[in-house]
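Content type mmCIF, C-alpha atoms and all ligand atoms, from the file work36.cif:
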data_work
#
loop_
_atom_site.group_PDB
_atom_site.id
_atom_site.type_symbol
_atom_site.label_atom_id
_atom_site.label_comp_id
_atom_site.auth_asym_id
_atom_site.auth_seq_id
_atom_site.Cartn_x
_atom_site.Cartn_y
_atom_site.Cartn_z
ATOM 1 C CA MET A 1 98.755 72.621 98.623
ATOM 2 C CA LEU A 2 97.916 76.088 99.952
ATOM 3 C CA SER A 3 97.765 74.728 103.516
ATOM 4 C CA ASP A 4 101.456 73.692 103.250
ATOM 5 C CA LEU A 5 102.316 77.229 102.173
ATOM 6 C CA VAL A 6 100.397 78.664 105.126
ATOM 7 C CA ALA A 7 102.281 76.377 107.551
ATOM 8 C CA LYS A 8 105.633 77.297 105.955
ATOM 9 C CA LEU A 9 104.744 80.975 106.125
ATOM 10 C CA GLU A 10 103.862 80.822 109.814
ATOM 11 C CA GLU A 11 107.186 79.119 110.531
ATOM 12 C CA LEU A 12 109.145 81.721 108.526
ATOM 13 C CA LYS A 13 107.289 84.583 110.163
ATOM 14 C CA ARG A 14 108.422 83.359 113.586
ATOM 15 C CA LYS A 15 111.981 82.682 112.430
ATOM 16 C CA ARG A 16 112.415 86.143 110.866
ATOM 17 C CA ASN A 17 110.344 88.047 113.421
ATOM 18 C CA ALA A 18 108.351 89.376 110.468
ATOM 19 C CA PHE A 19 105.131 91.403 110.333
ATOM 20 C CA ILE A 20 102.881 91.204 107.264
ATOM 21 C CA ILE A 21 100.912 94.329 106.357
ATOM 22 C CA ALA A 22 98.299 93.779 103.655
ATOM 23 C CA HIS A 23 95.966 96.040 101.706
ATOM 24 C CA ASN A 24 92.185 95.519 101.657
ATOM 25 C CA TYR A 25 92.358 94.438 97.964
ATOM 26 C CA GLN A 26 94.663 91.483 98.559
ATOM 27 C CA LEU A 27 93.676 87.884 97.750
ATOM 28 C CA PRO A 28 91.556 86.276 100.546
ATOM 29 C CA GLU A 29 94.307 83.822 101.522
ATOM 30 C CA VAL A 30 96.831 86.684 101.749
ATOM 31 C CA GLN A 31 94.461 88.736 103.929
ATOM 32 C CA ASP A 32 94.033 85.657 106.150
ATOM 33 C CA VAL A 33 97.774 85.266 106.877
ATOM 34 C CA ALA A 34 98.458 89.005 107.302
ATOM 35 C CA ASP A 35 99.103 90.498 110.759
ATOM 36 C CA PHE A 36 97.267 93.622 109.689
ATOM 37 C CA VAL A 37 94.882 94.435 106.813
ATOM 38 C CA GLY A 38 93.813 98.002 106.038
ATOM 39 C CA ASP A 39 93.737 101.020 103.731
ATOM 40 C CA SER A 40 96.845 103.016 102.720
ATOM 41 C CA LEU A 41 96.639 105.340 105.725
ATOM 42 C CA GLU A 42 96.317 102.494 108.222
ATOM 43 C CA MET A 43 99.123 100.565 106.494
ATOM 44 C CA ALA A 44 101.475 103.554 106.870
ATOM 45 C CA ARG A 45 100.528 103.961 110.536
ATOM 46 C CA LYS A 46 101.095 100.251 111.218
ATOM 47 C CA ALA A 47 104.465 100.404 109.468
ATOM 48 C CA MET A 48 105.471 103.157 111.935
ATOM 49 C CA GLU A 49 104.235 101.246 114.995
ATOM 50 C CA THR A 50 105.621 97.745 114.493
ATOM 51 C CA ASP A 51 108.843 96.668 116.208
ATOM 52 C CA ALA A 52 109.294 93.577 113.997
ATOM 53 C CA ASP A 53 112.711 93.052 112.379
ATOM 54 C CA VAL A 54 111.181 92.495 108.964
ATOM 55 C CA ILE A 55 108.115 94.111 107.384
ATOM 56 C CA VAL A 56 106.457 92.341 104.453
ATOM 57 C CA VAL A 57 104.177 94.562 102.397
ATOM 58 C CA ALA A 58 101.385 92.736 100.586
ATOM 59 C CA GLY A 59 100.306 95.566 98.331
ATOM 60 C CA VAL A 60 101.646 97.652 95.463
ATOM 61 C CA ARG A 61 105.057 99.324 95.168
ATOM 62 C CA PHE A 62 104.196 102.728 96.599
ATOM 63 C CA MET A 63 102.910 101.030 99.767
ATOM 64 C CA ALA A 64 106.190 99.122 100.156
ATOM 65 C CA GLU A 65 108.159 102.347 99.535
ATOM 66 C CA VAL A 66 106.188 104.221 102.203
ATOM 67 C CA ALA A 67 106.919 101.426 104.705
ATOM 68 C CA LYS A 68 110.642 101.630 103.864
ATOM 69 C CA VAL A 69 110.735 105.441 104.017
ATOM 70 C CA LEU A 70 109.187 105.272 107.499
ATOM 71 C CA ASN A 71 111.548 102.431 108.539
ATOM 72 C CA PRO A 72 114.941 103.238 107.006
ATOM 73 C CA ASP A 73 116.796 100.841 109.324
ATOM 74 C CA ARG A 74 114.468 97.862 108.968
ATOM 75 C CA VAL A 75 114.236 95.254 106.236
ATOM 76 C CA VAL A 76 111.132 95.805 104.127
ATOM 77 C CA LEU A 77 110.239 93.025 101.685
ATOM 78 C CA HIS A 78 107.981 93.500 98.655
ATOM 79 C CA PRO A 79 107.312 89.962 97.386
ATOM 80 C CA GLU A 80 106.633 91.037 93.775
ATOM 81 C CA PRO A 81 108.361 94.290 92.773
ATOM 82 C CA ARG A 82 106.450 94.332 89.470
ATOM 83 C CA ALA A 83 103.281 95.078 91.445
ATOM 84 C CA GLY A 84 103.106 98.793 90.628
ATOM 85 C CA CYS A 85 100.250 101.277 90.410
ATOM 86 C CA PRO A 86 99.557 102.763 86.954
ATOM 87 C CA LEU A 87 97.930 105.799 88.600
ATOM 88 C CA ALA A 88 101.243 106.663 90.305
ATOM 89 C CA ASP A 89 103.054 106.988 86.986
ATOM 90 C CA HIS A 90 100.865 109.866 85.748
ATOM 91 C CA MET A 91 102.671 112.445 87.889
ATOM 92 C CA THR A 92 106.176 112.881 86.486
ATOM 93 C CA PRO A 93 108.832 115.319 87.809
ATOM 94 C CA GLU A 94 108.521 117.317 84.553
ATOM 95 C CA ILE A 95 104.775 117.763 85.043
ATOM 96 C CA ILE A 96 105.311 118.786 88.676
ATOM 97 C CA LYS A 97 107.906 121.391 87.671
ATOM 98 C CA LYS A 98 105.559 122.817 85.014
ATOM 99 C CA PHE A 99 102.670 123.224 87.477
ATOM 100 C CA ARG A 100 104.972 124.668 90.170
ATOM 101 C CA GLU A 101 105.962 127.335 87.608
ATOM 102 C CA LEU A 102 102.341 128.014 86.647
ATOM 103 C CA TYR A 103 101.198 128.319 90.290
ATOM 104 C CA PRO A 104 104.137 129.723 92.285
ATOM 105 C CA GLY A 105 103.514 129.534 96.024
ATOM 106 C CA ALA A 106 100.670 126.999 95.828
ATOM 107 C CA PRO A 107 101.403 123.908 97.952
ATOM 108 C CA LEU A 108 101.609 120.544 96.218
ATOM 109 C CA VAL A 109 99.429 117.950 97.942
ATOM 110 C CA THR A 110 100.265 114.518 96.580
ATOM 111 C CA TYR A 111 98.171 111.373 96.789
ATOM 112 C CA VAL A 112 100.110 108.479 98.314
ATOM 113 C CA ASN A 113 99.494 106.547 95.040
ATOM 114 C CA SER A 114 102.537 108.267 93.523
ATOM 115 C CA THR A 115 106.224 107.674 92.888
ATOM 116 C CA LEU A 116 108.873 108.340 95.518
ATOM 117 C CA VAL A 117 110.323 111.204 93.471
ATOM 118 C CA ALA A 118 106.878 112.866 93.245
ATOM 119 C CA LYS A 119 106.515 112.567 97.023
ATOM 120 C CA ALA A 120 109.976 114.054 97.500
ATOM 121 C CA MET A 121 108.904 117.087 95.423
ATOM 122 C CA SER A 122 105.690 117.568 97.453
ATOM 123 C CA ASP A 123 104.698 119.627 100.478
ATOM 124 C CA VAL A 124 102.397 117.028 101.935
ATOM 125 C CA VAL A 125 101.301 113.462 101.132
ATOM 126 C CA VAL A 126 97.708 112.346 101.699
ATOM 127 C CA THR A 127 95.666 109.166 101.284
ATOM 128 C CA SER A 128 92.054 108.809 100.178
ATOM 129 C CA ALA A 129 91.108 108.654 103.880
ATOM 130 C CA SER A 130 92.943 111.866 104.827
ATOM 131 C CA ALA A 131 92.867 114.087 101.697
ATOM 132 C CA VAL A 132 89.778 116.172 102.575
ATOM 133 C CA LYS A 133 90.846 116.746 106.199
ATOM 134 C CA VAL A 134 94.446 117.610 105.340
ATOM 135 C CA VAL A 135 93.547 120.024 102.508
ATOM 136 C CA SER A 136 90.968 121.779 104.687
ATOM 137 C CA LYS A 137 93.636 122.243 107.392
ATOM 138 C CA LEU A 138 96.019 124.060 105.024
ATOM 139 C CA ASP A 139 95.836 127.884 105.053
ATOM 140 C CA ASP A 140 96.085 128.096 101.252
ATOM 141 C CA ASP A 141 93.019 128.435 99.019
ATOM 142 C CA VAL A 142 94.756 127.336 95.818
ATOM 143 C CA ILE A 143 96.142 123.817 95.999
ATOM 144 C CA LEU A 144 98.049 121.707 93.490
ATOM 145 C CA PHE A 145 96.767 118.130 93.818
ATOM 146 C CA GLY A 146 97.746 114.966 91.970
ATOM 147 C CA PRO A 147 97.836 112.509 90.395
ATOM 148 C CA ASP A 148 94.187 111.384 90.702
ATOM 149 C CA LYS A 149 91.692 113.714 88.998
ATOM 150 C CA ASN A 150 88.668 112.008 90.587
ATOM 151 C CA LEU A 151 89.989 112.272 94.142
ATOM 152 C CA ALA A 152 90.861 115.891 93.285
ATOM 153 C CA HIS A 153 87.195 116.443 92.336
ATOM 154 C CA PHE A 154 86.085 114.920 95.666
ATOM 155 C CA VAL A 155 88.472 117.171 97.625
ATOM 156 C CA ARG A 156 87.340 120.244 95.630
ATOM 157 C CA LYS A 157 83.688 119.458 96.352
ATOM 158 C CA LYS A 158 84.233 118.832 100.066
ATOM 159 C CA THR A 159 86.600 121.746 100.798
ATOM 160 C CA GLY A 160 85.372 124.402 98.328
ATOM 161 C CA LYS A 161 89.022 125.271 97.570
ATOM 162 C CA GLU A 162 90.552 125.815 94.135
ATOM 163 C CA ILE A 163 92.093 122.414 93.452
ATOM 164 C CA VAL A 164 94.372 122.338 90.407
ATOM 165 C CA THR A 165 94.791 118.761 89.161
ATOM 166 C CA VAL A 166 98.363 117.696 88.416
ATOM 167 C CA PRO A 167 98.109 116.417 85.708
ATOM 168 C CA PRO A 168 94.476 116.970 84.651
ATOM 169 C CA TRP A 169 94.185 113.413 83.265
ATOM 170 C CA GLY A 170 95.581 111.218 86.109
ATOM 171 C CA HIS A 171 93.371 108.214 86.894
ATOM 172 C CA CYS A 172 93.317 104.627 88.139
ATOM 173 C CA PRO A 173 92.266 102.363 85.259
ATOM 174 C CA VAL A 174 90.216 100.098 87.544
ATOM 175 C CA HIS A 175 88.174 102.919 89.083
ATOM 176 C CA GLU A 176 87.963 105.159 86.011
ATOM 177 C CA PHE A 177 86.550 102.459 83.728
ATOM 178 C CA LEU A 178 85.231 99.477 85.713
ATOM 179 C CA LEU A 179 83.600 101.763 88.313
ATOM 180 C CA SER A 180 82.079 104.114 85.766
ATOM 181 C CA PRO A 181 78.313 104.807 86.100
ATOM 182 C CA TYR A 182 77.522 102.064 83.566
ATOM 183 C CA TYR A 183 79.053 99.293 85.693
ATOM 184 C CA LEU A 184 77.418 100.689 88.826
ATOM 185 C CA MET A 185 74.023 100.773 87.063
ATOM 186 C CA LYS A 186 74.495 97.135 86.074
ATOM 187 C CA ALA A 187 75.323 96.194 89.671
ATOM 188 C CA MET A 188 72.311 98.096 91.014
ATOM 189 C CA ASP A 189 70.044 96.302 88.519
ATOM 190 C CA GLU A 190 71.461 92.997 89.687
ATOM 191 C CA HIS A 191 71.132 93.800 93.408
ATOM 192 C CA PRO A 192 68.159 96.150 93.746
ATOM 193 C CA GLY A 193 67.711 97.937 97.059
ATOM 194 C CA CYS A 194 71.380 97.703 98.113
ATOM 195 C CA LYS A 195 73.217 100.794 99.369
ATOM 196 C CA LEU A 196 76.044 101.905 97.105
ATOM 197 C CA LEU A 197 79.455 102.816 98.592
ATOM 198 C CA VAL A 198 82.034 104.291 96.209
ATOM 199 C CA HIS A 199 85.772 105.005 96.379
ATOM 200 C CA PRO A 200 86.776 108.616 95.494
ATOM 201 C CA GLU A 201 89.039 107.331 92.699
ATOM 202 C CA ALA A 202 85.812 106.569 90.771
ATOM 203 C CA PRO A 203 84.577 109.276 88.350
ATOM 204 C CA PRO A 204 82.490 112.226 89.674
ATOM 205 C CA GLU A 205 79.260 110.820 88.153
ATOM 206 C CA SER A 206 79.832 107.543 90.024
ATOM 207 C CA GLN A 207 80.468 109.481 93.252
ATOM 208 C CA GLU A 208 77.127 111.297 92.683
ATOM 209 C CA MET A 209 75.307 107.952 92.546
ATOM 210 C CA ALA A 210 76.697 106.790 95.908
ATOM 211 C CA ASP A 211 75.176 106.737 99.405
ATOM 212 C CA PHE A 212 78.719 107.147 100.774
ATOM 213 C CA VAL A 213 82.128 108.042 99.294
ATOM 214 C CA GLY A 214 85.349 107.168 101.133
ATOM 215 C CA SER A 215 88.564 105.159 101.391
ATOM 216 C CA THR A 216 88.417 101.364 101.495
ATOM 217 C CA SER A 217 88.473 101.225 105.323
ATOM 218 C CA GLN A 218 86.013 104.124 105.578
ATOM 219 C CA MET A 219 83.683 102.085 103.338
ATOM 220 C CA LEU A 220 84.021 99.148 105.740
ATOM 221 C CA ARG A 221 83.113 101.393 108.677
ATOM 222 C CA ALA A 222 80.157 102.818 106.708
ATOM 223 C CA ILE A 223 78.703 99.298 106.431
ATOM 224 C CA GLY A 224 78.473 99.245 110.218
ATOM 225 C CA GLU A 225 77.105 102.778 110.426
ATOM 226 C CA LEU A 226 74.489 102.846 107.640
ATOM 227 C CA LYS A 227 72.835 99.726 109.078
ATOM 228 C CA ALA A 228 71.435 98.391 105.776
ATOM 229 C CA ASN A 229 71.130 94.684 104.933
ATOM 230 C CA CYS A 230 72.823 94.887 101.569
ATOM 231 C CA TYR A 231 75.704 96.843 100.004
ATOM 232 C CA ILE A 232 77.467 97.216 96.665
ATOM 233 C CA LEU A 233 81.113 98.148 97.263
ATOM 234 C CA GLY A 234 82.109 100.448 94.394
ATOM 235 C CA THR A 235 85.799 99.600 94.370
ATOM 236 C CA GLU A 236 88.193 96.726 93.672
ATOM 237 C CA GLU A 237 86.573 93.341 94.380
ATOM 238 C CA GLY A 238 89.035 92.333 97.161
ATOM 239 C CA LEU A 239 87.308 94.634 99.643
ATOM 240 C CA SER A 240 84.179 92.453 99.525
ATOM 241 C CA TYR A 241 86.039 89.507 101.081
ATOM 242 C CA ARG A 242 87.111 91.685 103.987
ATOM 243 C CA ALA A 243 83.613 93.144 104.367
ATOM 244 C CA LYS A 244 82.032 89.680 104.478
ATOM 245 C CA LYS A 245 84.500 88.637 107.175
ATOM 246 C CA LEU A 246 83.757 91.717 109.290
ATOM 247 C CA TYR A 247 79.992 91.652 108.722
ATOM 248 C CA PRO A 248 78.954 88.012 108.161
ATOM 249 C CA ASP A 249 75.240 88.840 108.446
ATOM 250 C CA VAL A 250 75.237 91.586 105.812
ATOM 251 C CA GLU A 251 75.048 91.008 102.039
ATOM 252 C CA VAL A 252 77.973 92.630 100.192
ATOM 253 C CA TYR A 253 78.712 92.561 96.489
ATOM 254 C CA PRO A 254 81.493 93.910 94.320
ATOM 255 C CA PRO A 255 80.025 95.718 91.266
ATOM 256 C CA ASP A 256 81.354 92.913 89.077
ATOM 257 C CA LYS A 257 83.630 89.940 89.706
ATOM 258 C CA ARG A 258 85.932 91.388 87.005
ATOM 259 C CA THR A 259 86.595 94.601 88.996
ATOM 260 C CA ILE A 260 90.176 93.546 89.613
ATOM 261 C CA CYS A 261 93.445 95.430 90.146
ATOM 262 C CA ILE A 262 95.903 93.064 88.503
ATOM 263 C CA ASP A 263 98.808 94.673 90.368
ATOM 264 C CA MET A 264 97.290 93.976 93.780
ATOM 265 C CA LYS A 265 96.754 90.364 92.745
ATOM 266 C CA LYS A 266 100.444 89.912 91.864
ATOM 267 C CA ILE A 267 101.145 89.247 95.551
ATOM 268 C CA THR A 268 100.553 85.574 96.376
ATOM 269 C CA LEU A 269 101.186 83.198 99.279
ATOM 270 C CA LEU A 270 103.962 81.651 97.212
ATOM 271 C CA ASN A 271 105.916 84.854 96.595
ATOM 272 C CA ILE A 272 105.478 85.902 100.242
ATOM 273 C CA VAL A 273 106.943 82.550 101.392
ATOM 274 C CA ARG A 274 109.824 82.854 98.915
ATOM 275 C CA SER A 275 110.590 86.425 99.964
ATOM 276 C CA LEU A 276 110.771 85.405 103.632
ATOM 277 C CA GLU A 277 112.887 82.385 102.772
ATOM 278 C CA ASN A 278 115.417 84.338 100.684
ATOM 279 C CA MET A 279 115.021 87.727 102.432
ATOM 280 C CA LYS A 280 114.456 89.428 99.079
ATOM 281 C CA PRO A 281 113.294 91.380 97.129
ATOM 282 C CA LYS A 282 114.240 94.078 99.645
ATOM 283 C CA VAL A 283 112.851 97.574 99.078
ATOM 284 C CA GLU A 284 115.738 99.980 98.499
ATOM 285 C CA VAL A 285 115.149 103.726 98.257
ATOM 286 C CA ASP A 286 117.435 106.629 97.447
ATOM 287 C CA LYS A 287 118.418 108.219 100.803
ATOM 288 C CA GLY A 288 118.030 111.838 99.673
ATOM 289 C CA LEU A 289 114.629 111.257 98.071
ATOM 290 C CA ALA A 290 113.497 109.181 101.043
ATOM 291 C CA GLU A 291 114.366 111.978 103.481
ATOM 292 C CA LYS A 292 112.368 114.568 101.538
ATOM 293 C CA ALA A 293 109.479 112.156 100.985
ATOM 294 C CA ARG A 294 109.462 111.299 104.728
ATOM 295 C CA GLU A 295 108.901 114.956 105.613
ATOM 296 C CA ALA A 296 105.876 115.200 103.296
ATOM 297 C CA ILE A 297 104.460 111.832 104.429
ATOM 298 C CA THR A 298 104.924 112.648 108.131
ATOM 299 C CA ARG A 299 103.300 116.051 107.687
ATOM 300 C CA GLY A 300 100.291 114.341 106.067
ATOM 301 C CA LEU A 301 100.069 111.771 108.869
ATOM 302 C CA GLU A 302 100.269 114.489 111.541
ATOM 303 C CA LEU A 303 97.605 116.669 109.892
ATOM 304 C CA ALA A 304 95.364 113.607 109.497
ATOM 305 C CA LEU A 305 95.566 113.041 113.275
ATOM 306 C CA ASP A 306 95.231 116.733 114.208
ATOM 307 C CA LYS A 307 92.146 117.216 116.394
ATOM 308 C CA SER A 308 92.191 121.042 116.425
ATOM 309 C CA PRO A 309 89.279 122.746 114.580
HETATM 310 P P1 LIG B 1 92.727 103.139 100.037
HETATM 311 O O1 LIG B 1 93.794 103.911 100.690
HETATM 312 O O2 LIG B 1 91.373 103.777 100.113
HETATM 313 O O3 LIG B 1 92.685 101.722 100.530
HETATM 314 O O4 LIG B 1 93.011 103.089 98.459
HETATM 315 C C1 LIG B 1 94.171 102.589 97.900
HETATM 316 C C2 LIG B 1 94.001 102.327 96.472
HETATM 317 O O5 LIG B 1 94.941 101.997 95.784
HETATM 318 C C3 LIG B 1 92.689 102.480 95.882
HETATM 319 O O6 LIG B 1 92.707 102.077 94.560
HETATM 320 FE FE1 LIG B 2 96.594 101.699 91.737
HETATM 321 FE FE2 LIG B 2 94.072 101.539 90.938
HETATM 322 FE FE3 LIG B 2 95.339 99.329 91.670
HETATM 323 FE FE4 LIG B 2 94.635 101.166 93.503
HETATM 324 S S1 LIG B 2 93.269 99.926 92.234
HETATM 325 S S2 LIG B 2 96.613 100.145 93.341
HETATM 326 S S3 LIG B 2 94.934 103.061 92.329
HETATM 327 S S4 LIG B 2 95.825 100.645 89.928
#
Let me see whether you can do it: turn the structure in this file into structure tokens.
Ligand code: 13P
Ligand code: SF4
Amino acid sequence: MLSDLVAKLEELKRKRNAFIIAHNYQLPEVQDVADFVGDSLEMARKAMETDADVIVVAGVRFMAEVAKVLNPDRVVLHPEPRAGCPLADHMTPEIIKKFRELYPGAPLVTYVNSTLVAKAMSDVVVTSASAVKVVSKLDDDVILFGPDKNLAHFVRKKTGKEIVTVPPWGHCPVHEFLLSPYYLMKAMDEHPGCKLLVHPEAPPESQEMADFVGSTSQMLRAIGELKANCYILGTEEGLSYRAKKLYPDVEVYPPDKRTICIDMKKITLLNIVRSLENMKPKVEVDKGLAEKAREAITRGLELALDKSP
């Protein structure tokens, strides 16, 4: 029974002095047991703030790696290490080297949905919530940006800078295909009159259709700000559960119940309980890479917080 797992998990959390950080796309029951649920930027900030002995990351591998990089002396558990992010794998070291040669002097701004080695080769790491602000704060007008071509388009449009996509084809399969204009049209036919919120990993034409474009947590805040009665959340379906919890009186729909990131759904109550029981799988990162990646991640976090004009 799931309720037995929840009870076991609560007991283990106390015993290990553990803190569970979950992403907005996680299964409802995982969101419900988490100590914090948020977007990638908020997850990284929480990972820096907590004084727990053990951090459990309910999300995909790059999220667990960021938590470890920011907490080198703490135990970070990732309950299912096979939960990766196919978008991250588009930006290889070879591709980075090639673009660095083609654009000498241009800074490399890397989306947090990337491998540790890509982060270590970058000047600054951003999330979907911080990308526009961070890029606009850089002095440079030509920016290397990867691996997501659709977020790159969004940043180009908002900042007016020359954004070179590294590589030009990087995409998230969920957003590129299941959040294409066709699926959004279908959802709008099904729920006429709803406002449409879209994640910047969706294609440019989908972004054009939206009333608001932003990160998962920015979409949640937009529900409160736009003051409509009904919303379609143009992103992975897990965000709708969180939205309904935060705004019980508002109608929210995912574009389709099949808009699922299989990697996010690899984290379950059962593998969280087992990881806390056995204190594994622990996230291990190469020290040298982690140090370089930490610099780029910290720079991104600082620029995201920077209040100067
Ligand atoms: P957010 O940082 O907006 O939550 O996005 C993470 C992600 O993986 C989107 O697919
Ligand atoms: Fe990666 Fe896409 Fe899943 Fe987000 S939704 S974790 S970008 S595969």
Spatial neighbours of A:Tyr247, max dist 12 Å, only C-alpha atoms, sep filter under 3 positions, as a list in words: Leu220, Arg221, Ala222, Ile223, Gly224, Glu225, Lys227, Ala228, Asn229, Cys230, Tyr231, Ser240, Tyr241, Arg242, Ala243, Lys244, Val250, Glu251 and Val252 of chain A
For the residues in that selection, give me C-alpha atoms as a short mmCIF file (atom, residue, chain, number, x, y, z; two decimals), in the frame of the given file.
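Writing the result to part-v5.cif gives the following:
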data_model
loop_
_atom_site.label_atom_id
_atom_site.label_comp_id
_atom_site.auth_asym_id
_atom_site.auth_seq_id
_atom_site.Cartn_x
_atom_site.Cartn_y
_atom_site.Cartn_z
CA LEU A 220 84.02 99.15 105.74
CA ARG A 221 83.11 101.39 108.68
CA ALA A 222 80.16 102.82 106.71
CA ILE A 223 78.70 99.30 106.43
CA GLY A 224 78.47 99.24 110.22
CA GLU A 225 77.10 102.78 110.43
CA LYS A 227 72.83 99.73 109.08
CA ALA A 228 71.44 98.39 105.78
CA ASN A 229 71.13 94.68 104.93
CA CYS A 230 72.82 94.89 101.57
CA TYR A 231 75.70 96.84 100.00
CA SER A 240 84.18 92.45 99.52
CA TYR A 241 86.04 89.51 101.08
CA ARG A 242 87.11 91.68 103.99
CA ALA A 243 83.61 93.14 104.37
CA LYS A 244 82.03 89.68 104.48
CA VAL A 250 75.24 91.59 105.81
CA GLU A 251 75.05 91.01 102.04
CA VAL A 252 77.97 92.63 100.19
#
Which residues come within 10 Å of stretch 183-198 of chain A, counting all atoms listed in the file, excluding same-chain residues fewer than 6 positions away, as a PyMOL selection string? chain A and resi 175+177+206-216+218-220+222-223+226-235+251-256+259
Kindly resolve the PyMOL selection byres (((chain A and resi 300) around 8) and not hetatm) on the present coordinates and return the residues as a PDB file with C-alpha atoms, in the frame of the given file.
ATOM      1  CA  VAL A 124     102.397 117.028 101.935  1.00  0.00           C
ATOM      2  CA  VAL A 125     101.301 113.462 101.132  1.00  0.00           C
ATOM      3  CA  VAL A 126      97.708 112.346 101.699  1.00  0.00           C
ATOM      4  CA  SER A 130      92.943 111.866 104.827  1.00  0.00           C
ATOM      5  CA  VAL A 134      94.446 117.610 105.340  1.00  0.00           C
ATOM      6  CA  ALA A 296     105.876 115.200 103.296  1.00  0.00           C
ATOM      7  CA  ILE A 297     104.460 111.832 104.429  1.00  0.00           C
ATOM      8  CA  THR A 298     104.924 112.648 108.131  1.00  0.00           C
ATOM      9  CA  ARG A 299     103.300 116.051 107.687  1.00  0.00           C
ATOM     10  CA  LEU A 301     100.069 111.771 108.869  1.00  0.00           C
ATOM     11  CA  GLU A 302     100.269 114.489 111.541  1.00  0.00           C
ATOM     12  CA  LEU A 303      97.605 116.669 109.892  1.00  0.00           C
ATOM     13  CA  ALA A 304      95.364 113.607 109.497  1.00  0.00           C
TER      14      ALA A 304
END
Could you check which of A:Pro173, A:Pro167, A:Pro281, A:Pro204 is closest to A:Pro93, using all atoms listed in the file?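 Ranked by minimum distance to A:Pro93, first place goes to A:Pro167.
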Go through A:Leu276, A:Val60, A:Val76, A:Ala131 one by one, measure the shortest atom-to-atom distance of each to ligand LIG 2 (chain B) using all atoms listed in the file, and give the residue with the smallest value.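 When distances to ligand LIG 2 (chain B) are compared using all atoms listed in the file, the smallest one comes from A:Val60.
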With ligand LIG 1 (chain B) as the partner and 6 Å as the cut-off, tabulate the residues of chain A that qualify, each row holding the nearest pair of atoms and their distance in Å to one decimal, using all atoms listed in the file, sorted by chain and rising number, as a Markdown table.
| residue | atom | partner | partner_atom | distance |
| --- | --- | --- | --- | --- |
| A:Asp39 | CA | B:LIG1 | O3 | 3.4 |
| A:Ser40 | CA | B:LIG1 | O1 | 3.8 |
| A:Leu41 | CA | B:LIG1 | O1 | 6.0 |
| A:Thr127 | CA | B:LIG1 | O1 | 5.6 |
| A:Ser128 | CA | B:LIG1 | O2 | 5.1 |
| A:Ser215 | CA | B:LIG1 | O2 | 3.4 |
| A:Thr216 | CA | B:LIG1 | O2 | 4.1 |
Draw an axis-aligned box tight on the listed atoms of ligand LIG 2 (chain B), then pad every side by 5 Å and write out centre and edge lengths in Å to one decimal as AutoDock Vina command-line options.
--center_x 94.9 --center_y 101.2 --center_z 91.7 --size_x 13.3 --size_y 13.7 --size_z 13.6
For A:His23, please output as number ranges by chain all residues within 10 Å (counting all atoms listed in the file; exclusion window: fewer than 5 positions along the same chain). A: 30-31, 34, 36-40, 42-43, 57-60, 63, 216-217, 238-239, 264
For chain A versus ligand LIG 2 (chain B), which residues have an atom no more than 7 Å away, and what is each residue's nearest atom pair and distance in Å rounded to one decimal, using all atoms listed in the file, chain-then-number order, as CSV?
residue,atom,partner,partner_atom,distance
A:Val60,CA,B:LIG2,S2,6.0
A:Cys85,CA,B:LIG2,FE1,3.9
A:Pro86,CA,B:LIG2,S4,5.2
A:Leu87,CA,B:LIG2,FE1,5.3
A:Ala88,CA,B:LIG2,FE1,7.0
A:Asn113,CA,B:LIG2,S3,6.3
A:Cys172,CA,B:LIG2,FE2,4.2
A:Pro173,CA,B:LIG2,FE2,6.0
A:Val174,CA,B:LIG2,FE2,5.3
A:His175,CA,B:LIG2,FE2,6.3
A:Glu236,CA,B:LIG2,S1,6.2
A:Cys261,CA,B:LIG2,FE3,4.6
A:Asp263,CA,B:LIG2,FE3,6.0
A:Met264,CA,B:LIG2,FE3,6.1
Exactly which residues make up the result of the PyMOL selection byres (((chain A and resi 145) around 12) and not hetatm) on this file, given as a PyMOL selection string? chain A and resi 91+95-96+99-100+103+106-114+118-119+122-127+131-132+134-135+142-144+146-156+161-170
Distance of atom CA of A:Val273 from atom CA of A:Val285, expressed in Å to one decimal place: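 If I compute the distance from atom CA of A:Val285 to atom CA of A:Val273, I get 22.9 Å.
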By how many Å are atom CA of A:Leu116 and atom CA of A:Ser275 apart?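 Computing the Euclidean distance for atom CA of A:Leu116 and atom CA of A:Ser275 yields 22.4 Å.
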Ranking A:Asp89, A:Glu101, A:Glu65, A:Asp140 by minimum distance to A:Leu289 and counting only C-alpha atoms, which one comes first? A:Glu65
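Closest approach to A:Asp286 among A:Ala18, A:Val69, A:Leu305, A:Leu246 is made by A:Val69 (distances from all atoms listed in the file).
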Here's the selection I'm unsure about, the PyMOL selection byres (((chain A and resi 15) around 12) and not hetatm); applied to the file above, which residues does it give, as JSON, numbers by chain? {"A": [8, 9, 10, 11, 12, 13, 14, 16, 17, 18, 19, 52, 53, 54, 276, 277, 279]}
How far is it from atom CA of A:Asp35 to atom CA of A:Ile20, in Å with one decimal?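 Pair atom CA of A:Asp35 / atom CA of A:Ile20 returns 5.2 Å.
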